[in-house]
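A.B. asks: This is the structure I have questions about; it appears just below.
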Amino acid sequence: MIVAEAVGRVLAELGAGPVFGVVGSGNFHVTNALRAAGVAFHATRHEGGAATAADACARMSGRVALVSTHQGCGLTNAVTGIGEAAKSRTPLIVLTAESPAADPLNNFRIDQDALAHAVGAVAERVHSPETAVADTVRAYRTALHERRTVVLNLPLDVQAMPAPPLEAVEPVPAPPAPEPDAASVAELAALLADAERPVFIAGRGGRGAAAEIRALADACGALLATSAVAHGLFHGDPWALGISGGFASPLAAELVRDADLVVGWGCALNRWTTRHGKLIGPGARLAQVDLEASAIGAHQPVDVGVVGDAAATARAVLAELGGQRKSGYRSPALRDRIAARARWSAADFRDESTPDLIDPRTLSAELDRILPAERVVSVDSGNFMGYPSAFLDVPDEFGFCFTQAFQSIGLGLATAIGAAIAQPGRLPVAALGDGGFHMAAQELDTAVRLGLPLLVVVYNDAAYGAEVHHFAGDHTTVRFPPTDIAAIGRGFGCAGVTVRTVADLRQVSEWLTGPREKPLVVDAKITDDGGSWWLAEAFHGH
């Protein structure tokens with residue numbers, strides 16, 4: 001057994017995977033070792049697609065996913081996806097070959113450690129046959145325990161060396177949930193006891209803690225909201241407002257703004273979730289619960305910060321309240337208002353569709369009506385992105401995948417592929433702009449080869465809409481001739497339809513009722529919205 005094979009076997013025994021990648025000479029052996037050990041491998045058409053699909057799969061499955069790349073250019077092709085994963089603290093391992101240190105003039109030679117560090121990933125290396133197992137286990141532990149994206153360099157000369165006999169690998173258990181300290185718990189409980197209109201906003205760190213956060217909210221009368229990445233966490237709760245921030249409905253924004261206490265549960269309370277602080281009322285107090293002390297108050301000054309696991313903290317605060325219960329923000333009249341208007345609906349806009357173009361709000365609302373409830377929605381970046389995010393309901397936090405920490409367009413299609421593999425029992429939906437679609441269209445081939453029942457909805461305004469609507473002047477550089485995206489989809493082996501009216505969505509309904517043997521690409525020709533409602537707010541940071 002050579003070192004490359006030992007690395008693959010160790011990762012398989014630890015439970016890592018699946019693996020996504022593009023195989024070249026440098027990662028041929030390690031990829032096949034993973035496959036031989038039972039780890040599913042999914043070949044993408046570009047390393048960028050591999051990194052993003054693996055990122056999405058890890059988010060939607062809770063496992064440490066893998067990426068496999070060739071040395072040098074294979075790694076650079078994946079950098080945007082790696083940067084997205086690193087910024088999102090996705091537990092991910094990038095297995096990348098590396099040219100030998102003894103060959104500094106190799107064409108593939110770059111400083112791969114510096115590249116990893118530059119985008120926020122952790123650089124690790126398999127140093128020798130004798131340390132290969134320990135090096136690999138260390139990379140896995142870092143990814144799992146520290147929620148980091150790790151680039152594990154595999155030098156070609158080391159890969160090819162004989163490995164010592166491989167012994168059983170000790171499992172790496174998930175880290176224990178850190179308990180909050182008693183003083184912080186008491187401070188948060190005191191804030192909740194005084195609050196009349198509390199709102200809880202759960203973020204990525206609140207995923208998996210819905211039951212505990214809900215129980216505390218019930219005791220103190222808090223309303224519930226999420227950041228975009230935790231969308232769906234409180235699905236079905238009568239006191240849930242949906243997403244807080246730029247995508248919030250008018251009623252949700254009003255209720256968050258009128259809160260006298262906002263508590264972030266594993267939520268950064270950043271500019272997007274608070275609309276640059278405008279959703280925090282002038283007299284509101286803030287509390288924040290997070291696993292890391294450095295996150296407390298990083299975006300908004302807080303009155304109380306609690307370092308601890310969200311679920312463990314919610315349980316401890318509930319116990320500290322000692323059975324006290326109050327109505328807080330909740331009332332029968334407000335529950336009725338939330339049921340009617342917490343989510344965006346047709347009541348919140350005037351349909352501006354024409355005979356040739358469909359209003360993106362109407363399109364999104366109709367899709368929400370006809371799509372099955374069991375869905376996993378992945379959204380690319382762009383002017384359009386608020387529509388699927390706000391209008392498409394999702395069943396839980398594993399129904400919405402939002403690779404937006406880097407704010408790159410072009411990641412949505414690969415995101416949907418990774419989410420589909422992680423959640424095979426749900427209809428995968430990719431919501432893309434035409435710019436992002438054209439950047440990543442090659443991954444339609446991946447979806448076809450994998451036989452995914454993927455619905456790809458392209459909000460097509462033949463432009464980079466965010467730039468068109470944000471900047472005055474000559475838009476020649478950001479507008480494009482019309483393209484037949486449905487035909488492009490058919491060229492890759494998908495079904496393809498063009499939608500200009502609500503009536504055209506009948507073709508989507510027919511595909512939904514059929515066998516869904518191949519993906520469907522929907523070229524939705526949308527109206528010019530003059531800039532979506534959330535865009536002006538978002539561009540304050542540009």
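By order in the structure tokens, chains are A, B, ...; within a chain, residues start at 1; ligands start at 1, following the order shown.
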With region 507-515 of chain A as the partner and 9 Å as the cut-off, tabulate the residues of region 333-400 of chain A that qualify, each row holding the nearest pair of atoms and their distance in Å to one decimal, using only C-alpha atoms, sorted by chain and rising number, as JSON lines.

C.D. replies:
```
{"residue": "A:Leu367", "atom": "CA", "partner": "A:Val508", "partner_atom": "CA", "distance": 8.8}
{"residue": "A:Ile370", "atom": "CA", "partner": "A:Ser509", "partner_atom": "CA", "distance": 6.8}
{"residue": "A:Leu371", "atom": "CA", "partner": "A:Leu512", "partner_atom": "CA", "distance": 7.7}
{"residue": "A:Pro372", "atom": "CA", "partner": "A:Leu512", "partner_atom": "CA", "distance": 8.5}
```

A.B. asks: What's the 7 Å shell around region 334-349 of chain A, counting only C-alpha atoms, without same-chain residues fewer than 2 positions away, as a list in words?

C.D. replies: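 Near neighbours after the sequence-gap exclusion: Pro238, Trp239, Leu241, Gly242, Ser249, Leu251, Ala252, Arg330, Ser331, Pro332, Asp351, Ala365, Ala390 and Phe391 of chain A.
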
A.B. asks: Can you tell me, as a PDB file with C-alpha atoms, in the first residue's frame, which residues in region 114-270 of chain A count as strand (DSSP E) by DSSP?

C.D. replies:
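As written to disk, result-v2.pdb reads:
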```
ATOM      1  CA  VAL A 122      -6.341  25.713   7.257  1.00  0.00           C
ATOM      2  CA  ALA A 123      -3.285  24.308   5.465  1.00  0.00           C
ATOM      3  CA  GLU A 124      -2.155  20.831   6.466  1.00  0.00           C
ATOM      4  CA  ARG A 125       0.206  18.336   4.839  1.00  0.00           C
ATOM      5  CA  THR A 149     -12.150  23.967   5.838  1.00  0.00           C
ATOM      6  CA  VAL A 150      -8.824  22.159   5.645  1.00  0.00           C
ATOM      7  CA  VAL A 151      -6.565  21.936   2.589  1.00  0.00           C
ATOM      8  CA  LEU A 152      -4.597  18.692   3.028  1.00  0.00           C
ATOM      9  CA  ASN A 153      -1.588  18.785   0.711  1.00  0.00           C
ATOM     10  CA  LEU A 154      -0.393  15.430  -0.615  1.00  0.00           C
ATOM     11  CA  PRO A 155       3.128  15.817  -2.083  1.00  0.00           C
ATOM     12  CA  PRO A 198     -38.359  39.680  22.813  1.00  0.00           C
ATOM     13  CA  VAL A 199     -37.302  38.311  19.422  1.00  0.00           C
ATOM     14  CA  PHE A 200     -34.964  35.351  18.950  1.00  0.00           C
ATOM     15  CA  ILE A 201     -32.900  35.185  15.754  1.00  0.00           C
ATOM     16  CA  ALA A 202     -31.186  31.846  15.141  1.00  0.00           C
ATOM     17  CA  LEU A 223     -41.088  35.676  18.446  1.00  0.00           C
ATOM     18  CA  LEU A 224     -38.798  33.528  16.290  1.00  0.00           C
ATOM     19  CA  ALA A 225     -36.735  34.429  13.224  1.00  0.00           C
ATOM     20  CA  THR A 226     -33.620  33.153  11.481  1.00  0.00           C
ATOM     21  CA  ALA A 240     -42.081  32.266  13.363  1.00  0.00           C
ATOM     22  CA  LEU A 241     -41.372  35.334  11.216  1.00  0.00           C
ATOM     23  CA  GLY A 242     -39.096  33.679   8.655  1.00  0.00           C
ATOM     24  CA  ILE A 243     -35.826  35.306   7.615  1.00  0.00           C
ATOM     25  CA  LEU A 261     -34.777  42.592  23.226  1.00  0.00           C
ATOM     26  CA  VAL A 262     -33.105  40.711  20.373  1.00  0.00           C
ATOM     27  CA  VAL A 263     -31.213  37.513  21.137  1.00  0.00           C
ATOM     28  CA  GLY A 264     -28.944  35.963  18.516  1.00  0.00           C
ATOM     29  CA  TRP A 265     -28.570  32.190  18.821  1.00  0.00           C
TER      30      TRP A 265
END
```

A.B. asks: Rank A:Leu357, A:Val304, A:Val458, A:Leu75 by their smallest atom-to-atom distance to His438 (chain A), using only C-alpha atoms, and report the top residue only.

C.D. replies: A:Val458

A.B. asks: Applying 12 Å and only C-alpha atoms, which residues near Asp290 (chain A) remain after dropping the ones on its own chain fewer than 2 positions away? List them as a PyMOL selection string.

C.D. replies: chain A and resi 177-180+184+202-206+263-269+287-288+292-298+304-314

A.B. asks: Tell me, as an NGL selection string, which residues lie within 8 Å of region 425-434 of chain A, counting only C-alpha atoms; anything in the same chain fewer than 2 positions away does not count.

C.D. replies: :A and (372 or 374-385 or 388 or 412-413 or 415-417 or 419-420 or 423 or 436-438 or 453-464)

A.B. asks: Would you save the residues from that selection as a CSV table (one decimal), in the first residue's frame, using C-alpha atoms?

C.D. replies:
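File selection_22.csv, as written:
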```
chain,number,residue,atom,x,y,z
A,372,PRO,CA,-43.9,19.5,-3.4
A,374,GLU,CA,-40.4,18.2,0.6
A,375,ARG,CA,-37.8,20.3,-1.2
A,376,VAL,CA,-34.3,21.6,-0.8
A,377,VAL,CA,-33.8,25.0,-2.3
A,378,SER,CA,-30.4,26.3,-3.3
A,379,VAL,CA,-30.0,30.0,-4.3
A,380,ASP,CA,-27.3,31.7,-6.3
A,381,SER,CA,-26.2,35.3,-5.8
A,382,GLY,CA,-27.6,38.2,-7.7
A,383,ASN,CA,-30.4,40.8,-7.9
A,384,PHE,CA,-33.0,38.0,-8.2
A,385,MET,CA,-32.0,36.1,-5.1
A,388,PRO,CA,-36.8,32.5,-4.2
A,412,GLY,CA,-25.8,28.0,-7.2
A,413,LEU,CA,-25.9,25.1,-9.6
A,415,THR,CA,-24.7,24.0,-4.5
A,416,ALA,CA,-28.0,22.4,-5.7
A,417,ILE,CA,-26.1,19.3,-6.8
A,419,ALA,CA,-27.6,19.5,-1.5
A,420,ALA,CA,-29.5,17.0,-3.7
A,423,GLN,CA,-31.0,15.1,0.8
A,436,GLY,CA,-24.6,32.7,-12.6
A,437,PHE,CA,-26.1,30.1,-14.9
A,438,HIS,CA,-23.8,30.9,-17.7
A,453,PRO,CA,-34.4,15.1,-10.4
A,454,LEU,CA,-33.1,18.7,-10.3
A,455,LEU,CA,-35.3,21.7,-11.1
A,456,VAL,CA,-33.2,24.6,-12.4
A,457,VAL,CA,-35.1,27.9,-12.4
A,458,VAL,CA,-33.2,30.7,-14.1
A,459,TYR,CA,-34.5,34.2,-13.4
A,460,ASN,CA,-33.4,35.6,-16.8
A,461,ASP,CA,-33.2,39.3,-17.3
A,462,ALA,CA,-30.3,39.1,-19.8
A,463,ALA,CA,-28.1,41.2,-17.5
A,464,TYR,CA,-26.1,41.4,-14.3
```

A.B. asks: Using only C-alpha atoms, find the one residue out of A:Ala193, A:Ala85, A:Ala16, A:Ala4 that sits nearest to Pro129 (chain A).

C.D. replies: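 Comparing A:Ala193, A:Ala85, A:Ala16, A:Ala4 against Pro129 (chain A), the winner is A:Ala4.
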
A.B. asks: Write out as a list in words the residues lying within 10 Å of Thr501 (chain A), counting only C-alpha atoms and excluding same-chain residues fewer than 4 positions away.

C.D. replies: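 Counting only the stated atoms, we get Ser353, Thr354, Pro355, Asp356, Leu357, Ile358, Asp359, Thr362, Leu363, Leu505, Arg506, Ala524, Lys525 and Ile526 of chain A.
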
A.B. asks: One number please: CA of Ala414 (chain A) to CA of Gly24 (chain A), in Å, one decimal.

C.D. replies: 20.0 Å

A.B. asks: What's the 9 Å shell around region 49-59 of chain A, counting only C-alpha atoms, without same-chain residues fewer than 5 positions away, as a count of residues only?

C.D. replies: 46

A.B. asks: Have a look at A:Ala487, A:Val468, A:Val302, A:Met60 and name the one nearest to Pro424 (chain A); count only C-alpha atoms.

C.D. replies: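 Checking each candidate against Pro424 (chain A), we get A:Met60 as the closest.
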
A.B. asks: Output as number ranges by chain all residues of region 201-369 of chain A that backbone DSSP marks as helix (DSSP H, G or I).

C.D. replies: A: 204-206, 210-220, 228-230, 250-257, 293-295, 310-321, 332-341, 346-348, 360-369

A.B. asks: So that I can check the surroundings of Ala33 (chain A), please list as JSON, numbers by chain every protein, DNA and RNA residue that reaches within 9 Å of it, counting only C-alpha atoms and ignoring chain neighbours fewer than 6 positions away.

C.D. replies: {"A": [4, 5, 6, 7, 8, 9, 12, 39]}
